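Q: Handing you a structure now.
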Amino acid sequence: MISIAQVHEILASQQPIDVKFWKEDGEVVHAEGVVCTSSYFQNNTANLRWPESGEIRKISVPAIFEINNQEVAL
């Protein structure tokens, strides 16, 4: 199990990651090989880029419950 602080470190590395997070409607998203292009610690969000499509999505960091097959302590 890893902490939110460790999640921020992983996101800041800008290496490809596998991540699972909840959307606002409660749906679970499993993203494989995404790269964090930027993160904002003040509002606790991160921009993730999907490699296949190049799409960038802003997500809430507290919505992440698993990163690189490690559960995140909420």
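Please note that chains go A, B, ... in the order of the structure tokens, that every chain numbers its residues from 1, and that ligands are numbered from 1 in the order shown.
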Could you list, as a PyMOL selection string, every residue within 9 Å of Asp18 (chain A), counting only C-alpha atoms and ignoring same-chain residues fewer than 2 positions away?
A: chain A and resi 16+20+30-35+66-69
Q: Excluding Ala46 (chain A) and any residue of its chain fewer than 2 positions from it, enumerate the residues within 10 Å of it, using only C-alpha atoms, and give them as a ChimeraX atom specification.
A: /A:8,11-12,35-41,43-44,48-49,56-61
Q: Emit the selected residues as a PDB file, in the first residue's frame, including N, CA and C atoms.
A:
```pdb
ATOM      1  N   HIS A   8       2.039  11.219  -5.685  1.00  0.00           N
ATOM      2  CA  HIS A   8       2.525  12.473  -6.271  1.00  0.00           C
ATOM      3  C   HIS A   8       3.939  12.298  -6.829  1.00  0.00           C
ATOM      4  N   LEU A  11       3.686  10.328 -10.089  1.00  0.00           N
ATOM      5  CA  LEU A  11       3.150  11.179 -11.146  1.00  0.00           C
ATOM      6  C   LEU A  11       4.208  12.175 -11.640  1.00  0.00           C
ATOM      7  N   ALA A  12       4.989  12.719 -10.724  1.00  0.00           N
ATOM      8  CA  ALA A  12       6.011  13.709 -11.084  1.00  0.00           C
ATOM      9  C   ALA A  12       7.134  13.103 -11.923  1.00  0.00           C
ATOM     10  N   VAL A  35       0.758   8.715 -19.133  1.00  0.00           N
ATOM     11  CA  VAL A  35       1.865   9.534 -18.636  1.00  0.00           C
ATOM     12  C   VAL A  35       1.280  10.812 -18.049  1.00  0.00           C
ATOM     13  N   CYS A  36       1.739  11.169 -16.864  1.00  0.00           N
ATOM     14  CA  CYS A  36       1.318  12.425 -16.251  1.00  0.00           C
ATOM     15  C   CYS A  36       2.112  13.555 -16.901  1.00  0.00           C
ATOM     16  N   THR A  37       1.421  14.454 -17.577  1.00  0.00           N
ATOM     17  CA  THR A  37       2.104  15.567 -18.242  1.00  0.00           C
ATOM     18  C   THR A  37       2.302  16.744 -17.302  1.00  0.00           C
ATOM     19  N   SER A  38       1.443  16.865 -16.294  1.00  0.00           N
ATOM     20  CA  SER A  38       1.592  17.914 -15.286  1.00  0.00           C
ATOM     21  C   SER A  38       0.675  17.598 -14.118  1.00  0.00           C
ATOM     22  N   SER A  39       1.045  18.116 -12.955  1.00  0.00           N
ATOM     23  CA  SER A  39       0.188  17.950 -11.786  1.00  0.00           C
ATOM     24  C   SER A  39       0.176  19.258 -11.004  1.00  0.00           C
ATOM     25  N   TYR A  40      -0.923  19.482 -10.329  1.00  0.00           N
ATOM     26  CA  TYR A  40      -1.124  20.715  -9.583  1.00  0.00           C
ATOM     27  C   TYR A  40      -1.452  20.336  -8.142  1.00  0.00           C
ATOM     28  N   PHE A  41      -0.497  20.572  -7.259  1.00  0.00           N
ATOM     29  CA  PHE A  41      -0.656  20.132  -5.883  1.00  0.00           C
ATOM     30  C   PHE A  41      -1.653  20.993  -5.120  1.00  0.00           C
ATOM     31  N   ASN A  43      -4.602  22.266  -6.172  1.00  0.00           N
ATOM     32  CA  ASN A  43      -5.979  21.773  -6.329  1.00  0.00           C
ATOM     33  C   ASN A  43      -6.035  20.254  -6.473  1.00  0.00           C
ATOM     34  N   ASN A  44      -4.882  19.589  -6.278  1.00  0.00           N
ATOM     35  CA  ASN A  44      -4.800  18.127  -6.210  1.00  0.00           C
ATOM     36  C   ASN A  44      -5.308  17.443  -7.480  1.00  0.00           C
ATOM     37  N   LEU A  48      -3.354  13.492 -17.322  1.00  0.00           N
ATOM     38  CA  LEU A  48      -2.835  12.219 -17.819  1.00  0.00           C
ATOM     39  C   LEU A  48      -3.028  12.151 -19.329  1.00  0.00           C
ATOM     40  N   ARG A  49      -1.973  11.692 -20.022  1.00  0.00           N
ATOM     41  CA  ARG A  49      -2.034  11.541 -21.480  1.00  0.00           C
ATOM     42  C   ARG A  49      -2.112  10.065 -21.826  1.00  0.00           C
ATOM     43  N   ILE A  56      -5.680  13.965 -23.459  1.00  0.00           N
ATOM     44  CA  ILE A  56      -5.253  14.374 -22.118  1.00  0.00           C
ATOM     45  C   ILE A  56      -6.496  14.624 -21.281  1.00  0.00           C
ATOM     46  N   ARG A  57      -6.514  14.017 -20.084  1.00  0.00           N
ATOM     47  CA  ARG A  57      -7.639  14.188 -19.162  1.00  0.00           C
ATOM     48  C   ARG A  57      -7.121  14.694 -17.832  1.00  0.00           C
ATOM     49  N   LYS A  58      -7.862  15.641 -17.255  1.00  0.00           N
ATOM     50  CA  LYS A  58      -7.550  16.111 -15.906  1.00  0.00           C
ATOM     51  C   LYS A  58      -8.297  15.219 -14.919  1.00  0.00           C
ATOM     52  N   ILE A  59      -7.569  14.673 -13.953  1.00  0.00           N
ATOM     53  CA  ILE A  59      -8.207  13.835 -12.941  1.00  0.00           C
ATOM     54  C   ILE A  59      -7.875  14.363 -11.554  1.00  0.00           C
ATOM     55  N   SER A  60      -8.705  14.006 -10.614  1.00  0.00           N
ATOM     56  CA  SER A  60      -8.472  14.341  -9.213  1.00  0.00           C
ATOM     57  C   SER A  60      -7.559  13.277  -8.608  1.00  0.00           C
ATOM     58  N   VAL A  61      -6.445  13.691  -8.028  1.00  0.00           N
ATOM     59  CA  VAL A  61      -5.495  12.726  -7.467  1.00  0.00           C
ATOM     60  C   VAL A  61      -6.131  11.870  -6.373  1.00  0.00           C
TER      61      VAL A  61
END
```
Q: Just the residues within 8 Å of Met1 (chain A), please, counting only C-alpha atoms, with nothing from its chain fewer than 6 positions along; format it as a ChimeraX atom specification.
A: /A:70-73
Q: Which of chain A end up as alpha helix (DSSP H) when DSSP is run on this backbone - answer as a PDB file with N, CA and C atoms, in the first residue's frame?
A:
```
ATOM      1  N   ILE A   4      -0.588   8.891  -0.592  1.00  0.00           N
ATOM      2  CA  ILE A   4      -0.845   9.921  -1.597  1.00  0.00           C
ATOM      3  C   ILE A   4       0.448  10.654  -1.938  1.00  0.00           C
ATOM      4  N   ALA A   5       1.314  10.870  -0.955  1.00  0.00           N
ATOM      5  CA  ALA A   5       2.593  11.539  -1.212  1.00  0.00           C
ATOM      6  C   ALA A   5       3.416  10.731  -2.214  1.00  0.00           C
ATOM      7  N   GLN A   6       3.403   9.403  -2.085  1.00  0.00           N
ATOM      8  CA  GLN A   6       4.119   8.550  -3.032  1.00  0.00           C
ATOM      9  C   GLN A   6       3.461   8.601  -4.409  1.00  0.00           C
ATOM     10  N   VAL A   7       2.150   8.724  -4.448  1.00  0.00           N
ATOM     11  CA  VAL A   7       1.443   8.863  -5.733  1.00  0.00           C
ATOM     12  C   VAL A   7       1.930  10.128  -6.432  1.00  0.00           C
ATOM     13  N   HIS A   8       2.039  11.219  -5.685  1.00  0.00           N
ATOM     14  CA  HIS A   8       2.525  12.473  -6.271  1.00  0.00           C
ATOM     15  C   HIS A   8       3.939  12.298  -6.829  1.00  0.00           C
ATOM     16  N   GLU A   9       4.792  11.569  -6.125  1.00  0.00           N
ATOM     17  CA  GLU A   9       6.156  11.319  -6.608  1.00  0.00           C
ATOM     18  C   GLU A   9       6.148  10.523  -7.902  1.00  0.00           C
ATOM     19  N   ILE A  10       5.301   9.496  -7.958  1.00  0.00           N
ATOM     20  CA  ILE A  10       5.203   8.671  -9.167  1.00  0.00           C
ATOM     21  C   ILE A  10       4.697   9.507 -10.337  1.00  0.00           C
ATOM     22  N   LEU A  11       3.686  10.328 -10.089  1.00  0.00           N
ATOM     23  CA  LEU A  11       3.150  11.179 -11.146  1.00  0.00           C
ATOM     24  C   LEU A  11       4.208  12.175 -11.640  1.00  0.00           C
ATOM     25  N   ALA A  12       4.989  12.719 -10.724  1.00  0.00           N
ATOM     26  CA  ALA A  12       6.011  13.709 -11.084  1.00  0.00           C
ATOM     27  C   ALA A  12       7.134  13.103 -11.923  1.00  0.00           C
TER      28      ALA A  12
END
```
Q: Report as a count of residues only: the residues of chain A with a DSSP assignment of strand (DSSP E or B), based on the backbone of this structure.
A: 37
